[in-house]
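Structure data (mmCIF, C-alpha atoms) from start.cif:
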data_protein
loop_
_atom_site.group_PDB
_atom_site.id
_atom_site.type_symbol
_atom_site.label_atom_id
_atom_site.label_comp_id
_atom_site.auth_asym_id
_atom_site.auth_seq_id
_atom_site.Cartn_x
_atom_site.Cartn_y
_atom_site.Cartn_z
ATOM 1 C CA MET D 1 10.023 -9.750 -88.221
ATOM 2 C CA THR D 2 13.353 -11.084 -89.364
ATOM 3 C CA GLY D 3 16.913 -10.235 -88.498
ATOM 4 C CA GLY D 4 19.396 -8.884 -91.000
ATOM 5 C CA ASP D 5 20.506 -12.391 -91.917
ATOM 6 C CA GLY D 6 16.970 -13.649 -92.378
ATOM 7 C CA VAL D 7 16.727 -15.379 -89.010
ATOM 8 C CA ALA D 8 13.135 -15.455 -87.736
ATOM 9 C CA ARG D 9 12.317 -13.394 -84.664
ATOM 10 C CA ARG D 10 11.507 -16.457 -82.555
ATOM 11 C CA ASP D 11 14.966 -17.803 -83.351
ATOM 12 C CA LEU D 12 16.544 -14.533 -82.294
ATOM 13 C CA LEU D 13 14.624 -14.675 -79.051
ATOM 14 C CA ALA D 14 15.476 -18.342 -78.516
ATOM 15 C CA GLY D 15 19.126 -17.500 -79.076
ATOM 16 C CA ALA D 16 18.945 -14.615 -76.645
ATOM 17 C CA MET D 17 17.293 -16.761 -74.029
ATOM 18 C CA GLY D 18 19.857 -19.501 -74.530
ATOM 19 C CA VAL D 19 22.733 -17.096 -74.002
ATOM 20 C CA ALA D 20 20.900 -15.638 -71.034
ATOM 21 C CA ALA D 21 20.467 -19.092 -69.551
ATOM 22 C CA MET D 22 24.184 -19.712 -69.937
ATOM 23 C CA THR D 23 24.935 -16.355 -68.381
ATOM 24 C CA GLY D 24 22.669 -17.193 -65.476
ATOM 25 C CA ALA D 25 24.346 -20.565 -65.038
ATOM 26 C CA ALA D 26 27.755 -18.936 -65.019
ATOM 27 C CA SER D 27 26.712 -16.283 -62.527
ATOM 28 C CA GLY D 28 25.284 -18.979 -60.289
ATOM 29 C CA ALA D 29 28.689 -20.604 -59.984
ATOM 30 C CA GLN D 30 31.149 -19.530 -57.325
ATOM 31 C CA ALA D 31 32.907 -16.566 -58.876
ATOM 32 C CA ALA D 32 36.191 -15.073 -57.781
ATOM 33 C CA ALA D 33 35.699 -12.101 -55.483
ATOM 34 C CA PRO D 34 36.208 -8.778 -57.263
ATOM 35 C CA ALA D 35 39.513 -7.211 -56.345
ATOM 36 C CA GLY D 36 40.946 -3.701 -56.174
ATOM 37 C CA GLU D 37 38.713 -0.849 -57.238
ATOM 38 C CA ALA D 38 35.844 -3.138 -58.228
ATOM 39 C CA ALA D 39 35.709 -4.469 -54.686
ATOM 40 C CA ARG D 40 35.864 -0.907 -53.393
ATOM 41 C CA ILE D 41 32.839 0.070 -55.472
ATOM 42 C CA ILE D 42 30.862 -2.900 -54.135
ATOM 43 C CA THR D 43 31.832 -1.989 -50.589
ATOM 44 C CA LEU D 44 30.540 1.550 -51.162
ATOM 45 C CA ALA D 45 27.210 0.212 -52.400
ATOM 46 C CA GLU D 46 26.931 -2.116 -49.431
ATOM 47 C CA ALA D 47 27.579 0.813 -47.108
ATOM 48 C CA LEU D 48 24.900 2.859 -48.865
ATOM 49 C CA GLU D 49 22.371 0.053 -48.517
ATOM 50 C CA ALA D 50 23.368 -0.309 -44.871
ATOM 51 C CA ALA D 51 22.634 3.405 -44.358
ATOM 52 C CA GLU D 52 19.174 2.868 -45.869
ATOM 53 C CA GLN D 53 18.617 -0.120 -43.608
ATOM 54 C CA ALA D 54 19.665 1.955 -40.601
ATOM 55 C CA LYS D 55 17.334 4.777 -41.746
ATOM 56 C CA ASP D 56 20.239 7.212 -41.538
ATOM 57 C CA PRO D 57 19.804 9.945 -44.195
ATOM 58 C CA ASP D 58 23.007 11.757 -43.272
ATOM 59 C CA ALA D 59 25.099 8.615 -43.569
ATOM 60 C CA TRP D 60 23.405 7.961 -46.901
ATOM 61 C CA ALA D 61 24.211 11.466 -48.149
ATOM 62 C CA ARG D 62 27.937 11.076 -47.433
ATOM 63 C CA PHE D 63 28.254 8.662 -50.373
ATOM 64 C CA VAL D 64 26.361 10.820 -52.860
ATOM 65 C CA ALA D 65 27.381 13.658 -55.216
ATOM 66 C CA GLU D 66 25.688 17.033 -54.922
ATOM 67 C CA ASP D 67 24.222 16.714 -58.425
ATOM 68 C CA TYR D 68 23.067 13.134 -57.792
ATOM 69 C CA THR D 69 20.126 11.887 -59.855
ATOM 70 C CA GLU D 70 17.857 8.910 -59.325
ATOM 71 C CA LEU D 71 15.172 6.967 -61.172
ATOM 72 C CA ASN D 72 13.080 4.614 -59.069
ATOM 73 C CA GLY D 73 9.737 2.879 -59.068
ATOM 74 C CA HIS D 74 8.062 5.199 -56.581
ATOM 75 C CA PHE D 75 8.324 8.467 -58.486
ATOM 76 C CA ALA D 76 7.791 8.881 -62.202
ATOM 77 C CA MET D 77 10.160 11.803 -62.626
ATOM 78 C CA ILE D 78 13.929 12.141 -62.360
ATOM 79 C CA LEU D 79 14.868 12.929 -58.751
ATOM 80 C CA LYS D 80 17.530 15.609 -58.853
ATOM 81 C CA GLY D 81 20.099 16.542 -56.269
ATOM 82 C CA ARG D 82 21.582 14.994 -53.126
ATOM 83 C CA GLU D 83 19.203 16.935 -50.911
ATOM 84 C CA THR D 84 16.172 15.440 -52.654
ATOM 85 C CA GLY D 85 17.574 11.977 -52.120
ATOM 86 C CA ARG D 86 18.384 12.737 -48.511
ATOM 87 C CA ARG D 87 14.816 13.942 -47.955
ATOM 88 C CA MET D 88 13.485 10.709 -49.430
ATOM 89 C CA GLN D 89 15.634 8.780 -46.965
ATOM 90 C CA ASP D 90 14.342 11.029 -44.211
ATOM 91 C CA PHE D 91 10.724 10.323 -45.185
ATOM 92 C CA ALA D 92 11.454 6.589 -44.968
ATOM 93 C CA ARG D 93 12.153 7.079 -41.268
ATOM 94 C CA GLN D 94 8.476 7.956 -40.811
ATOM 95 C CA THR D 95 7.268 4.646 -42.228
ATOM 96 C CA PRO D 96 6.701 1.547 -40.095
ATOM 97 C CA HIS D 97 8.543 -0.633 -42.610
ATOM 98 C CA LYS D 98 11.923 -2.026 -41.714
ATOM 99 C CA ILE D 99 14.580 -3.555 -43.900
ATOM 100 C CA VAL D 100 15.305 -6.807 -42.120
ATOM 101 C CA GLY D 101 18.105 -7.884 -44.416
ATOM 102 C CA SER D 102 19.789 -6.687 -47.584
ATOM 103 C CA TYR D 103 22.173 -8.412 -49.978
ATOM 104 C CA LEU D 104 23.853 -7.414 -53.246
ATOM 105 C CA SER D 105 23.416 -10.378 -55.556
ATOM 106 C CA ASN D 106 25.772 -10.948 -58.486
ATOM 107 C CA PRO D 107 27.364 -7.490 -58.540
ATOM 108 C CA ASP D 108 28.987 -6.565 -61.833
ATOM 109 C CA VAL D 109 31.511 -3.714 -61.891
ATOM 110 C CA GLN D 110 33.037 -2.072 -64.928
ATOM 111 C CA ILE D 111 35.488 0.786 -64.607
ATOM 112 C CA PHE D 112 36.324 3.131 -67.460
ATOM 113 C CA GLY D 113 38.748 5.824 -66.332
ATOM 114 C CA ASP D 114 36.820 8.126 -64.020
ATOM 115 C CA VAL D 115 33.496 6.312 -64.165
ATOM 116 C CA ALA D 116 32.457 3.034 -62.549
ATOM 117 C CA ILE D 117 29.278 1.173 -63.482
ATOM 118 C CA LEU D 118 27.859 -1.182 -60.871
ATOM 119 C CA CYS D 119 24.912 -3.461 -61.671
ATOM 120 C CA TYR D 120 23.383 -5.877 -59.187
ATOM 121 C CA VAL D 121 20.149 -7.327 -57.937
ATOM 122 C CA SER D 122 19.290 -6.089 -54.477
ATOM 123 C CA LEU D 123 17.733 -8.860 -52.428
ATOM 124 C CA ARG D 124 15.925 -7.538 -49.387
ATOM 125 C CA VAL D 125 13.483 -8.700 -46.795
ATOM 126 C CA VAL D 126 11.138 -6.020 -45.485
ATOM 127 C CA SER D 127 8.768 -6.165 -42.527
ATOM 128 C CA ASP D 128 5.664 -4.003 -42.173
ATOM 129 C CA ARG D 129 3.703 -2.604 -39.217
ATOM 130 C CA GLU D 130 1.949 -5.914 -38.584
ATOM 131 C CA GLY D 131 5.192 -7.840 -38.665
ATOM 132 C CA ARG D 132 4.483 -9.381 -42.042
ATOM 133 C CA VAL D 133 7.643 -10.017 -43.992
ATOM 134 C CA ASP D 134 7.977 -9.565 -47.741
ATOM 135 C CA PRO D 135 10.826 -10.275 -50.112
ATOM 136 C CA ALA D 136 11.881 -7.123 -51.933
ATOM 137 C CA CYS D 137 13.950 -7.559 -55.042
ATOM 138 C CA ARG D 138 15.053 -4.784 -57.327
ATOM 139 C CA ARG D 139 17.512 -4.361 -60.145
ATOM 140 C CA VAL D 140 20.027 -1.630 -59.486
ATOM 141 C CA THR D 141 22.423 0.301 -61.705
ATOM 142 C CA ARG D 142 24.731 2.704 -59.883
ATOM 143 C CA ILE D 143 27.071 5.120 -61.640
ATOM 144 C CA TYR D 144 30.068 6.341 -59.658
ATOM 145 C CA GLY D 145 32.446 9.159 -60.577
ATOM 146 C CA ARG D 146 36.013 9.332 -59.368
ATOM 147 C CA SER D 147 36.426 12.043 -56.756
ATOM 148 C CA GLY D 148 40.000 12.552 -55.562
ATOM 149 C CA ASP D 149 41.141 9.264 -54.104
ATOM 150 C CA GLY D 150 37.620 7.920 -53.828
ATOM 151 C CA TRP D 151 34.351 7.473 -55.651
ATOM 152 C CA THR D 152 31.093 9.391 -55.356
ATOM 153 C CA LEU D 153 27.679 8.136 -56.420
ATOM 154 C CA ALA D 154 26.416 10.190 -59.375
ATOM 155 C CA HIS D 155 23.250 8.309 -60.320
ATOM 156 C CA THR D 156 21.096 5.320 -59.429
ATOM 157 C CA HIS D 157 18.400 3.583 -61.443
ATOM 158 C CA PHE D 158 16.149 1.113 -59.594
ATOM 159 C CA SER D 159 13.554 -1.125 -61.208
ATOM 160 C CA SER D 160 11.605 -4.100 -59.976
ATOM 161 C CA PHE D 161 10.734 -7.462 -61.500
ATOM 162 C CA ASP D 162 6.964 -7.345 -61.328
ATOM 163 C CA TYR D 163 6.429 -5.309 -64.459
ATOM 164 C CA VAL D 164 4.232 -6.761 -67.192
ATOM 165 C CA SER D 165 5.187 -5.422 -70.585
ATOM 166 C CA THR D 166 2.555 -3.752 -72.703
ATOM 167 C CA TYR D 167 4.793 -3.725 -75.748
ATOM 168 C CA MET T 1 20.218 21.481 -58.969
ATOM 169 C CA SER T 2 22.904 23.377 -60.782
ATOM 170 C CA PRO T 3 22.014 25.323 -63.926
ATOM 171 C CA PRO T 4 23.163 23.892 -67.268
ATOM 172 C CA THR T 5 26.940 24.042 -67.561
ATOM 173 C CA GLU T 6 29.421 23.810 -70.395
ATOM 174 C CA ALA T 7 30.097 20.243 -69.292
ATOM 175 C CA GLY T 8 26.380 19.516 -69.571
ATOM 176 C CA ALA T 9 26.249 21.049 -73.037
ATOM 177 C CA GLU T 10 29.269 19.006 -74.095
ATOM 178 C CA ALA T 11 27.669 15.833 -72.753
ATOM 179 C CA ALA T 12 24.416 16.555 -74.566
ATOM 180 C CA ALA T 13 26.297 17.164 -77.804
ATOM 181 C CA ILE T 14 28.197 13.874 -77.472
ATOM 182 C CA TRP T 15 24.942 12.011 -76.787
ATOM 183 C CA THR T 16 23.170 13.622 -79.724
ATOM 184 C CA ARG T 17 26.058 12.807 -82.043
ATOM 185 C CA TRP T 18 26.233 9.184 -80.827
ATOM 186 C CA LEU T 19 22.491 8.785 -81.305
ATOM 187 C CA ALA T 20 22.622 10.183 -84.836
ATOM 188 C CA ASP T 21 25.534 7.913 -85.769
ATOM 189 C CA PHE T 22 23.796 4.878 -84.272
ATOM 190 C CA GLN T 23 20.542 5.617 -86.055
ATOM 191 C CA ARG T 24 22.334 6.221 -89.343
ATOM 192 C CA ASP T 25 24.309 2.976 -89.162
ATOM 193 C CA SER T 26 21.262 0.974 -88.095
ATOM 194 C CA ALA T 27 19.274 2.392 -90.992
ATOM 195 C CA ILE T 28 21.850 1.439 -93.606
ATOM 196 C CA GLY T 29 22.442 -2.029 -92.224
ATOM 197 C CA ILE T 30 25.799 -1.595 -90.504
ATOM 198 C CA ASP T 31 26.239 -3.773 -87.421
ATOM 199 C CA ALA T 32 25.489 -0.966 -84.989
ATOM 200 C CA ALA T 33 26.003 -3.158 -81.920
ATOM 201 C CA LYS T 34 29.553 -3.890 -83.018
ATOM 202 C CA THR T 35 30.472 -0.330 -83.872
ATOM 203 C CA HIS T 36 28.688 1.636 -81.141
ATOM 204 C CA PHE T 37 28.709 -0.572 -78.021
ATOM 205 C CA THR T 38 31.473 -1.841 -75.745
ATOM 206 C CA ASP T 39 32.314 -5.553 -75.684
ATOM 207 C CA GLY T 40 31.035 -5.824 -72.127
ATOM 208 C CA TYR T 41 27.862 -3.766 -72.567
ATOM 209 C CA VAL T 42 25.413 -4.319 -69.696
ATOM 210 C CA GLU T 43 21.718 -3.553 -69.480
ATOM 211 C CA PHE T 44 18.801 -4.053 -67.159
ATOM 212 C CA HIS T 45 15.827 -4.148 -69.457
ATOM 213 C CA ALA T 46 12.179 -3.579 -68.564
ATOM 214 C CA ILE T 47 10.936 -6.999 -69.586
ATOM 215 C CA PHE T 48 13.880 -9.246 -68.720
ATOM 216 C CA PRO T 49 14.716 -9.920 -65.073
ATOM 217 C CA ALA T 50 18.429 -10.723 -65.284
ATOM 218 C CA LEU T 51 21.296 -8.467 -66.222
ATOM 219 C CA LEU T 52 21.947 -8.621 -69.960
ATOM 220 C CA LYS T 53 25.692 -8.658 -70.423
ATOM 221 C CA GLY T 54 27.895 -8.662 -73.469
ATOM 222 C CA ARG T 55 27.572 -7.143 -76.890
ATOM 223 C CA ALA T 56 26.847 -10.565 -78.400
ATOM 224 C CA LEU T 57 23.774 -10.955 -76.223
ATOM 225 C CA PHE T 58 22.641 -7.468 -77.121
ATOM 226 C CA HIS T 59 23.046 -8.326 -80.763
ATOM 227 C CA ALA T 60 20.979 -11.495 -80.462
ATOM 228 C CA PHE T 61 18.244 -9.653 -78.610
ATOM 229 C CA ASP T 62 18.271 -6.605 -80.839
ATOM 230 C CA GLY T 63 15.899 -7.855 -83.508
ATOM 231 C CA ALA T 64 13.108 -8.264 -80.980
ATOM 232 C CA ARG T 65 13.846 -5.246 -78.842
ATOM 233 C CA TYR T 66 13.966 -2.912 -81.808
ATOM 234 C CA ALA T 67 10.180 -3.066 -81.791
ATOM 235 C CA GLU T 68 10.096 -0.994 -78.604
ATOM 236 C CA PRO T 69 9.268 2.692 -78.802
ATOM 237 C CA GLU T 70 12.175 3.659 -76.584
ATOM 238 C CA HIS T 71 14.893 1.780 -78.432
ATOM 239 C CA PRO T 72 17.812 4.218 -78.887
ATOM 240 C CA ALA T 73 17.569 3.939 -82.645
ATOM 241 C CA LYS T 74 14.051 5.317 -82.502
ATOM 242 C CA VAL T 75 14.289 7.931 -79.810
ATOM 243 C CA GLY T 76 13.283 11.245 -81.283
ATOM 244 C CA ALA T 77 12.220 9.643 -84.539
ATOM 245 C CA ARG T 78 8.752 8.472 -83.584
ATOM 246 C CA PRO T 79 5.939 10.810 -84.513
ATOM 247 C CA SER T 80 4.101 9.619 -81.411
ATOM 248 C CA ALA T 81 6.966 10.538 -79.083
ATOM 249 C CA GLY T 82 5.710 12.811 -76.325
ATOM 250 C CA PRO T 83 7.403 15.138 -73.866
ATOM 251 C CA ARG T 84 10.838 14.170 -72.710
ATOM 252 C CA GLU T 85 13.025 15.294 -69.873
ATOM 253 C CA GLN T 86 16.679 14.624 -70.410
ATOM 254 C CA LEU T 87 19.747 15.289 -68.311
ATOM 255 C CA ALA T 88 23.205 14.738 -69.762
ATOM 256 C CA ARG T 89 26.415 15.310 -67.877
ATOM 257 C CA MET T 90 30.084 14.413 -68.033
ATOM 258 C CA ILE T 91 31.495 11.994 -65.482
ATOM 259 C CA GLY T 92 35.199 12.833 -65.660
ATOM 260 C CA ALA T 93 36.565 13.490 -69.128
ATOM 261 C CA SER T 94 35.745 10.170 -70.747
ATOM 262 C CA ALA T 95 32.181 9.278 -69.784
ATOM 263 C CA VAL T 96 28.737 10.729 -70.420
ATOM 264 C CA LEU T 97 25.733 9.952 -68.230
ATOM 265 C CA VAL T 98 22.303 10.454 -69.813
ATOM 266 C CA VAL T 99 19.101 10.166 -67.774
ATOM 267 C CA THR T 100 15.694 10.510 -69.425
ATOM 268 C CA ALA T 101 12.031 10.337 -68.547
ATOM 269 C CA SER T 102 9.761 10.263 -71.553
ATOM 270 C CA GLN T 103 6.204 9.721 -72.644
ATOM 271 C CA SER T 104 5.046 8.148 -75.850
ATOM 272 C CA ALA T 105 1.622 7.510 -77.317
ATOM 273 C CA ARG T 106 0.614 4.398 -79.173
ATOM 274 C CA LEU T 107 -2.351 3.796 -81.453
ATOM 275 C CA GLU T 108 -3.943 0.522 -80.389
ATOM 276 C CA THR T 109 -5.665 -1.926 -82.730
ATOM 277 C CA ASP T 110 -9.082 -0.891 -81.371
ATOM 278 C CA GLY T 111 -8.433 2.722 -82.325
ATOM 279 C CA THR T 112 -7.739 3.992 -78.824
ATOM 280 C CA ILE T 113 -4.530 5.739 -77.856
ATOM 281 C CA SER T 114 -2.495 4.491 -74.924
ATOM 282 C CA TYR T 115 0.202 6.512 -73.190
ATOM 283 C CA HIS T 116 3.420 5.032 -71.873
ATOM 284 C CA LEU T 117 5.887 6.564 -69.479
ATOM 285 C CA ASN T 118 9.404 5.254 -69.517
ATOM 286 C CA ARG T 119 12.750 6.142 -67.995
ATOM 287 C CA GLN T 120 16.235 5.329 -69.205
ATOM 288 C CA THR T 121 19.802 5.556 -67.997
ATOM 289 C CA TRP T 122 22.599 5.428 -70.568
ATOM 290 C CA VAL T 123 26.369 5.592 -70.087
ATOM 291 C CA LEU T 124 28.717 6.396 -72.945
ATOM 292 C CA VAL T 125 32.474 5.907 -72.525
ATOM 293 C CA ARG T 126 35.365 7.012 -74.690
ATOM 294 C CA GLN T 127 37.509 4.154 -75.950
ATOM 295 C CA GLY T 128 40.103 4.402 -78.708
ATOM 296 C CA GLY T 129 38.909 7.858 -79.613
ATOM 297 C CA ARG T 130 35.299 6.751 -80.063
ATOM 298 C CA TRP T 131 32.231 7.071 -77.864
ATOM 299 C CA LEU T 132 30.674 3.690 -77.121
ATOM 300 C CA MET T 133 27.574 2.705 -75.170
ATOM 301 C CA ALA T 134 28.694 0.843 -72.036
ATOM 302 C CA ALA T 135 25.497 0.463 -70.012
ATOM 303 C CA GLY T 136 21.757 0.973 -70.131
ATOM 304 C CA HIS T 137 18.790 0.621 -67.786
ATOM 305 C CA ASN T 138 15.251 0.915 -69.052
ATOM 306 C CA SER T 139 12.134 0.750 -66.885
ATOM 307 C CA PRO T 140 8.642 2.180 -66.490
ATOM 308 C CA PRO T 141 7.641 3.773 -63.195
ATOM 309 C CA GLY T 142 5.138 2.445 -60.764
ATOM 310 C CA ALA T 143 6.124 -1.170 -60.313
ATOM 311 C CA GLU T 144 7.529 -0.579 -56.846
ATOM 312 C CA ASN T 145 4.963 0.503 -54.333
ATOM 313 C CA GLY T 146 6.599 -0.061 -50.995
ATOM 314 C CA PRO T 147 8.969 2.381 -49.352
ATOM 315 C CA TYR T 148 11.892 0.016 -49.705
ATOM 316 C CA GLY T 149 11.571 -1.172 -53.249
ATOM 317 C CA HIS T 150 9.050 -3.926 -52.701
ATOM 318 C CA ASN T 151 5.546 -4.282 -54.018
ATOM 319 C CA GLN T 152 3.399 -4.180 -50.923
ATOM 320 C CA PHE T 153 0.390 -5.335 -52.921
ATOM 321 C CA ALA T 154 2.080 -8.447 -54.253
ATOM 322 C CA THR T 155 0.497 -11.713 -53.257
ATOM 323 C CA GLY T 156 3.081 -14.057 -54.695
ATOM 324 C CA SER T 157 3.910 -17.420 -53.248
ATOM 325 C CA LEU T 158 7.019 -16.045 -51.581
ATOM 326 C CA ARG T 159 4.997 -13.917 -49.196
ATOM 327 C CA TYR T 160 4.808 -15.232 -45.689
ATOM 328 C CA VAL T 161 3.919 -14.018 -42.232
ATOM 329 C CA GLY T 162 6.832 -13.164 -40.022
ATOM 330 C CA GLY T 163 7.128 -13.615 -36.318
#

Spell out the structure here as C-alpha cells.
Amino acid sequence: MTGGDGVARRDLLAGAMGVAAMTGAASGAQAAAPAGEAARIITLAEALEAAEQAKDPDAWARFVAEDYTELNGHFAMILKGRETGRRMQDFARQTPHKIVGSYLSNPDVQIFGDVAILCYVSLRVVSDREGRVDPACRRVTRIYGRSGDGWTLAHTHFSSFDYVSTY
Amino acid sequence: MSPPTEAGAEAAAIWTRWLADFQRDSAIGIDAAKTHFTDGYVEFHAIFPALLKGRALFHAFDGARYAEPEHPAKVGARPSAGPREQLARMIGASAVLVVTASQSARLETDGTISYHLNRQTWVLVRQGGRWLMAAGHNSPPGAENGPYGHNQFATGSLRYVGG
C-alpha cells in the first residue's frame, strides 16, 4: 500500500513511530502543570478515581451526568446511564480486590466551549484476595460537559494495553 | 436512559454529515485530515499504547490505519459491516459525542469468516463554523478481565507477590 504521495507503507509507519517516539520523549520531560480549567478537569478525574479506590458508589455518582455512557473492557456493550455506572461501582464492593494506588499519567486536556476532553493513562496497583499485587494500566478518555459553574462527566472510554491486533 | 431527543437527532445528523463529507473528500484525494480534524486531534488507538496527538501524526499514520474495518472513512461502507449500536448526543451547543459498538465480519484467507467486535468514541467540535473531529478512542472489548481494569490472567514480568 502506498500513501497519496507514493510513500511506501513501511515509511509511513516509520514516520509515525518516529513522531510517536518524539512525542513520548516530550511527555517524559517535566511539563508545566496545567492551569485553570484544565487543572480543574484533572482534579475531577482524580476525585473520581479516588471514589473508585474507596469503593464509594455514591461519591462516584456525584461526578457523573444522568445520561452518562461508558465503554470498558469488561462489558462488550455501551453502558448507559449514571445508575448503571453506580451499580457497577457497587458490585466492585463485593470483590476482594483493592486498588492500592492510582495515578493519572500524562493527562492531556482540551477544552472547546462547553466540552472538555481528558486523555490519560491510569496507572494502578491492585491487590487480590491472596495479597498478590498486579499493575493495572488502562488508557482513559473522559468527556466532560459544562454544567453551570462546573463540569459533569458525560462519557468514559477505557481500554487496556494487552490487546493483540487481528487486523 | 432518556428516549431520543431533538438534541440527539441533531447530533446524529451532524455526525452523519461529517462522515459523508470525510468519506467524500478521502475518496477524491483531498487531505481529509487537514480539512476535517482539529490541529490537536487526540486518539487512543487499539493497537498503539500511547496517546496519538496532533493532526500531523494522524496524517502520517493514516495510510496504515485506513486498512482497518472501523476507520471512519469506511464505517457504513463495508458490505461485511454487521449490527451497530450508536448513540449521538450534543454536549453544549458546539460539540457532538458519538459512542458506537459494532460488529464486522471478515473473510479470512482460509475461507473462514471471523467476527470482530469493536467500540469507538468520537468527539466533534464546532470551530470557525465547521465541525471537526477533536478526539477518538477505538478498542475491542475483553482485554480487561479484572474488576479494576487489570488483566488478572496476565503473567507478565511486572507481576510480583505482595506482602

Which residues, written as a PyMOL selection string, have at least one atom at most 10 Å from Val100 in chain D, with all atoms listed in the file counted and residues fewer than 2 positions away on the same chain left out? chain D and resi 53-54+97-98+102+124-127+133-135

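Rounded to one decimal, CA of His45 in chain T and CA of Ala32 in chain T lie 18.6 Å from each other.
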
Nearest residue to Val109 in chain D from the set T:Phe48, T:Tyr41, T:Trp18, T:Trp131 (distances using only C-alpha atoms): T:Tyr41

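The protein and nucleic acid residues lying at most 9 Å from Ala47 in chain D are Ile42, Thr43, Ala51, Glu52, Ala59, Trp60 and Phe63 of chain D, with all atoms listed in the file considered and sequence neighbours fewer than 4 positions away removed.
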
Calculate how many Å separate CA of Arg40 in chain D from CA of Ala7 in chain T, rounding to one decimal. 27.1 Å

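Straight-line separation from CA of Gly136 in chain T to CA of Arg86 in chain D: 24.8 Å.
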